[in-house]
>>> print(open('upload-v2.pdb').read())   # PDB, C-alpha atoms and all ligand atoms
ATOM      1  CA  MET A 947       9.247 -34.745 -15.394
ATOM      2  CA  CYS A 948      12.782 -34.130 -14.222
ATOM      3  CA  ASP A 949      14.001 -36.431 -11.484
ATOM      4  CA  THR A 950      17.370 -34.811 -10.988
ATOM      5  CA  HIS A 951      16.470 -32.534  -8.091
ATOM      6  CA  GLU A 952      17.339 -34.937  -5.295
ATOM      7  CA  GLN A 953      20.769 -33.529  -4.532
ATOM      8  CA  THR A 954      19.614 -29.921  -4.562
ATOM      9  CA  GLY A 955      17.015 -30.101  -1.855
ATOM     10  CA  ALA A 956      14.351 -29.344  -4.446
ATOM     11  CA  THR A 957      12.384 -32.470  -3.646
ATOM     12  CA  GLY A 958      10.852 -31.078  -0.534
ATOM     13  CA  ALA A 959      13.753 -31.384   1.890
ATOM     14  CA  GLY A 960      12.866 -30.146   5.332
ATOM     15  CA  GLY A 961       9.247 -31.063   4.905
ATOM     16  CA  TYR A 962       8.532 -28.466   2.244
ATOM     17  CA  PRO A 963       6.453 -29.443  -0.749
ATOM     18  CA  SER A 964       8.547 -30.575  -3.692
ATOM     19  CA  PHE A 965       9.038 -28.630  -6.897
ATOM     20  CA  GLU A 966       6.982 -31.323  -8.651
ATOM     21  CA  GLU A 967       4.061 -30.576  -6.360
ATOM     22  CA  CYS A 968       4.363 -26.909  -7.320
ATOM     23  CA  VAL A 969       4.331 -27.909 -10.983
ATOM     24  CA  THR A 970       1.126 -29.882 -10.449
ATOM     25  CA  PHE A 971      -0.449 -26.831  -8.834
ATOM     26  CA  HIS A 972       0.879 -24.350 -11.410
ATOM     27  CA  GLY A 973       0.298 -26.429 -14.527
ATOM     28  CA  HIS A 974       3.681 -26.221 -16.237
ATOM     29  CA  VAL A 975       7.411 -26.118 -15.606
ATOM     30  CA  CYS A 976       8.877 -22.641 -16.059
ATOM     31  CA  PRO A 977      11.815 -20.562 -14.805
ATOM     32  CA  GLY A 978       9.487 -18.266 -12.876
ATOM     33  CA  LEU A 979       8.097 -21.144 -10.868
ATOM     34  CA  ALA A 980      11.631 -22.377 -10.202
ATOM     35  CA  THR A 981      12.814 -19.003  -8.887
ATOM     36  CA  GLY A 982       9.701 -18.727  -6.745
ATOM     37  CA  TYR A 983      10.475 -22.163  -5.363
ATOM     38  CA  ARG A 984      14.049 -21.228  -4.491
ATOM     39  CA  ALA A 985      12.887 -17.957  -2.921
ATOM     40  CA  ALA A 986      10.246 -19.692  -0.820
ATOM     41  CA  VAL A 987      12.480 -22.471   0.478
ATOM     42  CA  ALA A 988      15.329 -20.043   1.248
ATOM     43  CA  ALA A 989      12.977 -17.735   3.120
ATOM     44  CA  MET A 990      11.512 -20.563   5.206
ATOM     45  CA  GLN A 991      15.008 -21.734   6.101
ATOM     46  CA  ALA A 992      16.220 -18.209   6.915
ATOM     47  CA  LEU A 993      13.248 -17.608   9.160
ATOM     48  CA  GLY A 994      13.467 -21.080  10.671
ATOM     49  CA  VAL A 995       9.775 -21.722  10.199
ATOM     50  CA  ALA A 996       7.760 -24.707   9.102
ATOM     51  CA  ARG A 997       4.867 -24.549   6.706
ATOM     52  CA  PRO A 998       2.126 -22.711   8.577
ATOM     53  CA  TYR A 999      -1.372 -23.982   9.018
ATOM     54  CA  ASP A1000      -2.744 -20.605   9.833
ATOM     55  CA  GLU A1001      -1.274 -17.144   9.635
ATOM     56  CA  GLU A1002       2.047 -17.408  11.440
ATOM     57  CA  LEU A1003       3.769 -16.504   8.221
ATOM     58  CA  VAL A1004       2.829 -13.649   5.925
ATOM     59  CA  ALA A1005       4.155 -13.193   2.405
ATOM     60  CA  ILE A1006       4.172  -9.954   0.482
ATOM     61  CA  ALA A1007       4.776 -10.509  -3.217
ATOM     62  CA  GLU A1008       5.649  -7.654  -5.538
ATOM     63  CA  THR A1009       4.775  -9.623  -8.648
ATOM     64  CA  ASP A1010       1.770 -11.606  -9.768
ATOM     65  CA  ALA A1011       3.775 -13.845 -12.103
ATOM     66  CA  CYS A1012       4.394 -17.619 -12.097
ATOM     67  CA  GLY A1013       6.700 -17.662  -9.067
ATOM     68  CA  LEU A1014       3.782 -16.724  -6.867
ATOM     69  CA  ASP A1015       2.314 -20.206  -7.207
ATOM     70  CA  ALA A1016       5.448 -21.785  -5.748
ATOM     71  CA  ILE A1017       5.379 -19.253  -2.922
ATOM     72  CA  GLN A1018       1.826 -20.294  -2.073
ATOM     73  CA  MET A1019       2.546 -23.996  -2.316
ATOM     74  CA  VAL A1020       5.772 -23.980  -0.300
ATOM     75  CA  THR A1021       5.015 -21.434   2.392
ATOM     76  CA  GLY A1022       1.310 -21.988   2.831
ATOM     77  CA  CYS A1023       0.821 -18.244   2.404
ATOM     78  CA  THR A1024      -2.121 -18.377   0.058
ATOM     79  CA  ALA A1025      -4.448 -15.958  -1.642
ATOM     80  CA  GLY A1026      -7.428 -17.575   0.019
ATOM     81  CA  LYS A1027      -6.075 -17.521   3.563
ATOM     82  CA  GLY A1028      -5.297 -13.854   3.696
ATOM     83  CA  ASN A1029      -1.635 -14.269   4.598
ATOM     84  CA  LEU A1030      -0.500 -13.477   1.082
ATOM     85  CA  VAL A1031      -0.427  -9.874  -0.017
ATOM     86  CA  VAL A1032       0.175  -9.221  -3.706
ATOM     87  CA  LYS A1033       1.372  -5.748  -4.594
ATOM     88  CA  ASP A1034       2.090  -6.075  -8.249
ATOM     89  CA  HIS A1035       5.020  -3.744  -8.722
ATOM     90  CA  GLY A1036       6.355  -5.942 -11.484
ATOM     91  CA  LYS A1037       9.340  -6.810  -9.275
ATOM     92  CA  HIS A1038      10.494 -10.296  -8.427
ATOM     93  CA  VAL A1039      10.751  -9.444  -4.761
ATOM     94  CA  PHE A1040       9.096 -11.299  -1.918
ATOM     95  CA  THR A1041       8.992 -10.327   1.738
ATOM     96  CA  PHE A1042       8.225 -12.963   4.327
ATOM     97  CA  ILE A1043       7.276 -12.057   7.842
ATOM     98  CA  SER A1044       7.112 -14.556  10.668
ATOM     99  CA  ARG A1045       4.652 -13.492  13.336
ATOM    100  CA  GLU A1046       5.982 -16.265  15.552
ATOM    101  CA  ASN A1047       9.593 -15.185  15.876
ATOM    102  CA  GLU A1048       9.094 -11.600  14.678
ATOM    103  CA  LYS A1049      11.651 -11.946  11.934
ATOM    104  CA  ALA A1050      11.339 -10.814   8.362
ATOM    105  CA  VAL A1051      13.357 -11.353   5.217
ATOM    106  CA  ARG A1052      13.236  -9.737   1.818
ATOM    107  CA  VAL A1053      14.108 -12.057  -1.051
ATOM    108  CA  LEU A1054      15.223 -10.561  -4.347
ATOM    109  CA  VAL A1055      15.391 -12.719  -7.415
ATOM    110  CA  ARG A1056      18.614 -12.064  -9.278
ATOM    111  CA  HIS A1057      18.290 -11.526 -12.981
ATOM    112  CA  ARG A1058      20.244 -14.182 -14.742
ATOM    113  CA  ASP A1059      20.621 -14.313 -18.447
ATOM    114  CA  THR A1060      20.529 -18.047 -18.937
ATOM    115  CA  PRO A1061      21.465 -19.377 -22.380
ATOM    116  CA  GLU A1062      17.845 -20.411 -22.956
ATOM    117  CA  TYR A1063      16.236 -16.999 -22.650
ATOM    118  CA  SER A1064      16.788 -15.406 -26.037
ATOM    119  CA  GLU A1065      15.518 -18.454 -27.904
ATOM    120  CA  MET A1066      12.639 -18.794 -25.447
ATOM    121  CA  ASN A1067      11.609 -15.192 -26.004
ATOM    122  CA  GLU A1068      11.603 -15.631 -29.771
ATOM    123  CA  LEU A1069       9.500 -18.772 -29.482
ATOM    124  CA  ARG A1070       7.127 -17.121 -27.018
ATOM    125  CA  LYS A1071       6.426 -14.415 -29.599
ATOM    126  CA  LYS A1072       5.596 -17.047 -32.189
ATOM    127  CA  ILE A1073       3.380 -18.918 -29.736
ATOM    128  CA  VAL A1074       1.345 -15.928 -28.586
ATOM    129  CA  THR A1075       0.775 -14.773 -32.148
ATOM    130  CA  GLY A1076      -0.294 -18.251 -33.250
ATOM    131  CA  ARG A1077       2.601 -18.711 -35.652
ATOM    132  CA  ALA A1078       4.219 -21.609 -33.803
ATOM    133  CA  ASP A1079       4.111 -25.171 -35.093
ATOM    134  CA  ALA A1080       4.363 -28.384 -33.084
ATOM    135  CA  ALA A1081       8.166 -28.378 -33.213
ATOM    136  CA  ASP A1082       8.255 -24.812 -31.844
ATOM    137  CA  HIS A1083       6.001 -25.808 -28.965
ATOM    138  CA  GLU A1084       8.164 -28.781 -28.187
ATOM    139  CA  ARG A1085      11.355 -26.758 -28.306
ATOM    140  CA  PHE A1086       9.811 -24.090 -26.073
ATOM    141  CA  HIS A1087       8.786 -26.743 -23.553
ATOM    142  CA  GLU A1088      12.295 -28.185 -23.614
ATOM    143  CA  LEU A1089      13.895 -24.773 -23.026
ATOM    144  CA  MET A1090      11.525 -24.002 -20.152
ATOM    145  CA  HIS A1091      12.536 -27.267 -18.492
ATOM    146  CA  ALA A1092      16.236 -26.588 -19.048
ATOM    147  CA  ALA A1093      16.001 -23.051 -17.650
ATOM    148  CA  ALA A1094      14.004 -24.252 -14.634
ATOM    149  CA  GLU A1095      16.494 -27.035 -14.020
ATOM    150  CA  ARG A1096      19.369 -24.551 -14.130
ATOM    151  CA  ILE A1097      17.651 -22.397 -11.524
ATOM    152  CA  LEU A1098      16.830 -25.343  -9.253
ATOM    153  CA  THR A1099      20.401 -26.623  -9.264
ATOM    154  CA  ALA A1100      22.327 -23.335  -9.068
ATOM    155  CA  PRO A1101      23.892 -22.164  -5.800
ATOM    156  CA  SER A1102      21.303 -20.188  -3.859
ATOM    157  CA  ASP A1103      23.196 -16.883  -4.021
ATOM    158  CA  GLU A1104      23.242 -17.012  -7.797
ATOM    159  CA  VAL A1105      19.471 -17.185  -7.891
ATOM    160  CA  ILE A1106      18.390 -15.009  -5.016
ATOM    161  CA  GLU A1107      19.577 -12.440  -2.547
ATOM    162  CA  ILE A1108      18.158 -12.563   0.938
ATOM    163  CA  ARG A1109      18.158  -9.681   3.402
ATOM    164  CA  ASP A1110      16.939  -9.358   6.960
ATOM    165  CA  VAL A1111      14.464  -6.526   7.212
ATOM    166  CA  ASP A1112      12.156  -4.964   9.741
ATOM    167  CA  ALA A1113       8.637  -5.468   8.595
ATOM    168  CA  GLU A1114       5.350  -5.104  10.324
ATOM    169  CA  PRO A1115       2.935  -7.858   9.415
ATOM    170  CA  PRO A1116      -0.457  -6.586   8.336
ATOM    171  CA  ALA A1117      -2.837  -6.708  11.288
ATOM    172  CA  LYS A1118      -4.895  -9.887  11.266
ATOM    173  CA  ALA A1119      -8.207  -8.187  11.918
ATOM    174  CA  ARG A1120      -7.863  -5.867   8.935
ATOM    175  CA  ILE A1121      -7.760  -8.818   6.586
ATOM    176  CA  PHE A1122     -11.307  -9.738   7.490
ATOM    177  CA  ALA A1123     -12.883  -6.320   7.942
ATOM    178  CA  SER A1124     -14.985  -5.370   4.990
ATOM    179  CA  VAL A1125     -16.670  -2.118   4.144
ATOM    180  CA  VAL A1126     -19.026  -0.960   1.429
ATOM    181  CA  CYS A1127     -17.452   1.019  -1.410
ATOM    182  CA  ALA A1128     -18.933   4.524  -1.352
ATOM    183  CA  CYS A1129     -19.004   4.507  -5.150
ATOM    184  CA  CYS A1130     -20.265   1.142  -6.462
ATOM    185  CA  GLY A1131     -21.818  -0.142  -3.237
ATOM    186  CA  GLU A1132     -19.997  -3.478  -3.408
ATOM    187  CA  GLN A1133     -18.323  -5.015  -0.353
ATOM    188  CA  VAL A1134     -14.569  -4.525  -0.304
ATOM    189  CA  ALA A1135     -11.824  -5.482   2.159
ATOM    190  CA  ASP A1136     -11.038  -2.497   4.318
ATOM    191  CA  ALA A1137      -7.308  -2.899   3.726
ATOM    192  CA  LYS A1138      -7.796  -2.605  -0.039
ATOM    193  CA  THR A1139      -9.769   0.605  -0.132
ATOM    194  CA  ARG A1140      -8.537   3.996  -1.320
ATOM    195  CA  LEU A1141      -9.654   7.394  -0.148
ATOM    196  CA  LEU A1142     -11.455   9.488  -2.737
ATOM    197  CA  ASP A1143     -12.583  12.889  -1.501
ATOM    198  CA  GLY A1144     -12.611  11.508   2.019
ATOM    199  CA  ARG A1145     -14.780   8.488   1.127
ATOM    200  CA  GLN A1146     -13.639   4.863   1.147
ATOM    201  CA  VAL A1147     -13.853   3.373  -2.327
ATOM    202  CA  CYS A1148     -12.666   0.174  -3.987
ATOM    203  CA  ILE A1149      -9.605   0.167  -6.225
ATOM    204  CA  PRO A1150     -11.480  -0.149  -9.575
ATOM    205  CA  CYS A1151     -13.683   2.817  -8.638
ATOM    206  CA  TYR A1152     -10.668   4.799  -7.507
ATOM    207  CA  GLU A1153      -8.792   4.085 -10.726
ATOM    208  CA  ALA A1154     -11.807   4.893 -12.893
ATOM    209  CA  VAL A1155     -11.812   8.396 -11.441
ATOM    210  CA  ARG A1156      -8.072   8.938 -11.056
ATOM    211  CA  SER A1157      -6.955   7.538 -14.396
ATOM    212  CA  PRO A1158      -9.954   7.234 -16.731
ATOM    213  CA  GLY A1159      -7.789   6.976 -19.830
ATOM    214  CA  ARG A1160      -5.824   4.055 -18.498
ATOM    215  CA  PRO A1161      -6.033   0.959 -20.688
ATOM    216  CA  GLU A1162      -7.425  -2.250 -19.247
ATOM    217  CA  ALA A1163      -4.808  -4.234 -17.355
ATOM    218  CA  GLY A1164      -3.690  -7.569 -18.740
TER     219      GLY A1164
HETATM  220 ZN    ZN A1201       4.754 -20.526 -15.265
HETATM  221 ZN    ZN A1202     -16.380   0.487  -5.974
END
>>> encode(input="upload-v2.pdb", output="structure tokens", more="lines below")
Ligand SMILES: [Zn+2]
Ligand SMILES: [Zn+2]
Amino acid sequence: MCDTHEQTGATGAGGYPSFEECVTFHGHVCPGLATGYRAAVAAMQALGVARPYDEELVAIAETDACGLDAIQMVTGCTAGKGNLVVKDHGKHVFTFISRENEKAVRVLVRHRDTPEYSEMNELRKKIVTGRADAADHERFHELMHAAAERILTAPSDEVIEIRDVDAEPPAKARIFASVVCACCGEQVADAKTRLLDGRQVCIPCYEAVRSPGRPEAG
């Protein structure tokens, strides 16, 4: 594991979990995790908040990719606690809302074409199609580390853009209210339902009716 993050504040400065802790949680080192880490730490600093134990901080993520694990680890906004909302728009954008000081920031991850990416993409294709040998795997691993390292050590404004925004945190009560889907009869969080002909239904039921020809996600 890299031990060169000391100077960059990536070792958990300010009481935040370190990048290494995020790696343990996530399972591997990758650029996505590194950008998520930078976004999370920058947001916490901009909002002037510590890691919450409850729901003082809410995160809205517009991606469900790797970076999300660093967001959860660093900010304490987790899928299980209800203070993490994932709207997968396929955008590396995260909004953080502090209930405590009523501030909100929107963090945009800047696209950076690091020298590693083109080779990484080629290797990824080989790996997912089962054509990669041990040397390919090792090289891929090495490139992932190098790209992550580059992100962790770059000046913040090269990695992310941070904007103050007005954002209303989702009401606490709504997170826990559950209703029965009018279609499948399964319990579903109120906040996640869609209206279908005036009836509250879960998202899978809604999508089955609205876009039956849609291929399975993933
Ligand atoms: Zn990853
Ligand atoms: Zn349903």
>>> closest_atom_pairs(input="upload-v2.pdb", of="chain A", to="ligand ZN 1201 (chain A)", cutoff="12 Å", atoms="all atoms listed in the file", output="CSV")
residue,atom,partner,partner_atom,distance
A:Cys968,CA,A:ZN1201,ZN,10.2
A:Val969,CA,A:ZN1201,ZN,8.5
A:Thr970,CA,A:ZN1201,ZN,11.1
A:Phe971,CA,A:ZN1201,ZN,10.4
A:His972,CA,A:ZN1201,ZN,6.7
A:Gly973,CA,A:ZN1201,ZN,7.4
A:His974,CA,A:ZN1201,ZN,5.9
A:Val975,CA,A:ZN1201,ZN,6.2
A:Cys976,CA,A:ZN1201,ZN,4.7
A:Pro977,CA,A:ZN1201,ZN,7.1
A:Gly978,CA,A:ZN1201,ZN,5.8
A:Leu979,CA,A:ZN1201,ZN,5.6
A:Ala980,CA,A:ZN1201,ZN,8.7
A:Thr981,CA,A:ZN1201,ZN,10.4
A:Gly982,CA,A:ZN1201,ZN,10.0
A:Tyr983,CA,A:ZN1201,ZN,11.6
A:Asp1010,CA,A:ZN1201,ZN,10.9
A:Ala1011,CA,A:ZN1201,ZN,7.5
A:Cys1012,CA,A:ZN1201,ZN,4.3
A:Gly1013,CA,A:ZN1201,ZN,7.1
A:Leu1014,CA,A:ZN1201,ZN,9.3
A:Asp1015,CA,A:ZN1201,ZN,8.4
A:Ala1016,CA,A:ZN1201,ZN,9.6
A:His1087,CA,A:ZN1201,ZN,11.1
A:Met1090,CA,A:ZN1201,ZN,9.0
A:His1091,CA,A:ZN1201,ZN,10.8
A:Ala1093,CA,A:ZN1201,ZN,11.8
A:Ala1094,CA,A:ZN1201,ZN,10.0
>>> residues_near_ligand(input="upload-v2.pdb", ligand="ligand ZN 1202 (chain A)", cutoff="9 Å", atoms="all atoms listed in the file", output="PDB file with C-alpha atoms, in the frame of the given file")
ATOM      1  CA  VAL A1126     -19.026  -0.960   1.429  1.00  0.00           C
ATOM      2  CA  CYS A1127     -17.452   1.019  -1.410  1.00  0.00           C
ATOM      3  CA  ALA A1128     -18.933   4.524  -1.352  1.00  0.00           C
ATOM      4  CA  CYS A1129     -19.004   4.507  -5.150  1.00  0.00           C
ATOM      5  CA  CYS A1130     -20.265   1.142  -6.462  1.00  0.00           C
ATOM      6  CA  GLY A1131     -21.818  -0.142  -3.237  1.00  0.00           C
ATOM      7  CA  GLU A1132     -19.997  -3.478  -3.408  1.00  0.00           C
ATOM      8  CA  GLN A1133     -18.323  -5.015  -0.353  1.00  0.00           C
ATOM      9  CA  VAL A1134     -14.569  -4.525  -0.304  1.00  0.00           C
ATOM     10  CA  THR A1139      -9.769   0.605  -0.132  1.00  0.00           C
ATOM     11  CA  GLN A1146     -13.639   4.863   1.147  1.00  0.00           C
ATOM     12  CA  VAL A1147     -13.853   3.373  -2.327  1.00  0.00           C
ATOM     13  CA  CYS A1148     -12.666   0.174  -3.987  1.00  0.00           C
ATOM     14  CA  ILE A1149      -9.605   0.167  -6.225  1.00  0.00           C
ATOM     15  CA  PRO A1150     -11.480  -0.149  -9.575  1.00  0.00           C
ATOM     16  CA  CYS A1151     -13.683   2.817  -8.638  1.00  0.00           C
ATOM     17  CA  TYR A1152     -10.668   4.799  -7.507  1.00  0.00           C
TER      18      TYR A1152
END
>>> closest_residue(input="upload-v2.pdb", among="A:Val1125, A:Ala985, A:Leu1003, A:Ala1025", to="Ala1050 (chain A)", atoms="only C-alpha atoms")
A:Leu1003
>>> resolve_selection(input="upload-v2.pdb", expression="the PyMOL selection byres (((chain A and resi 1048) around 9) and not hetatm)", output="PyMOL selection string")
chain A and resi 1043-1047+1049-1050+1112-1115
>>> closest_residue(input="upload-v2.pdb", among="A:Pro963, A:Gly1076, A:Gly994, A:Pro1101", to="Ile1017 (chain A)", atoms="all atoms listed in the file")
A:Pro963
>>> resolve_selection(input="upload-v2.pdb", expression="the PyMOL selection byres (((chain A and resi 1020) around 7) and not hetatm)", output="list in words")
Tyr962, Pro963, Ala986, Val987, Ala1016, Ile1017, Gln1018, Met1019, Thr1021 and Gly1022 of chain A
>>> atom_distance(input="upload-v2.pdb", atom1="CA of Leu1030 (chain A)", atom2="CA of Ala989 (chain A)")
14.3 Å
>>> atom_distance(input="upload-v2.pdb", atom1="CA of Phe1042 (chain A)", atom2="CA of Val1004 (chain A)")
5.7 Å
>>> atom_distance(input="upload-v2.pdb", atom1="CA of Glu966 (chain A)", atom2="CA of Thr1099 (chain A)")
14.2 Å
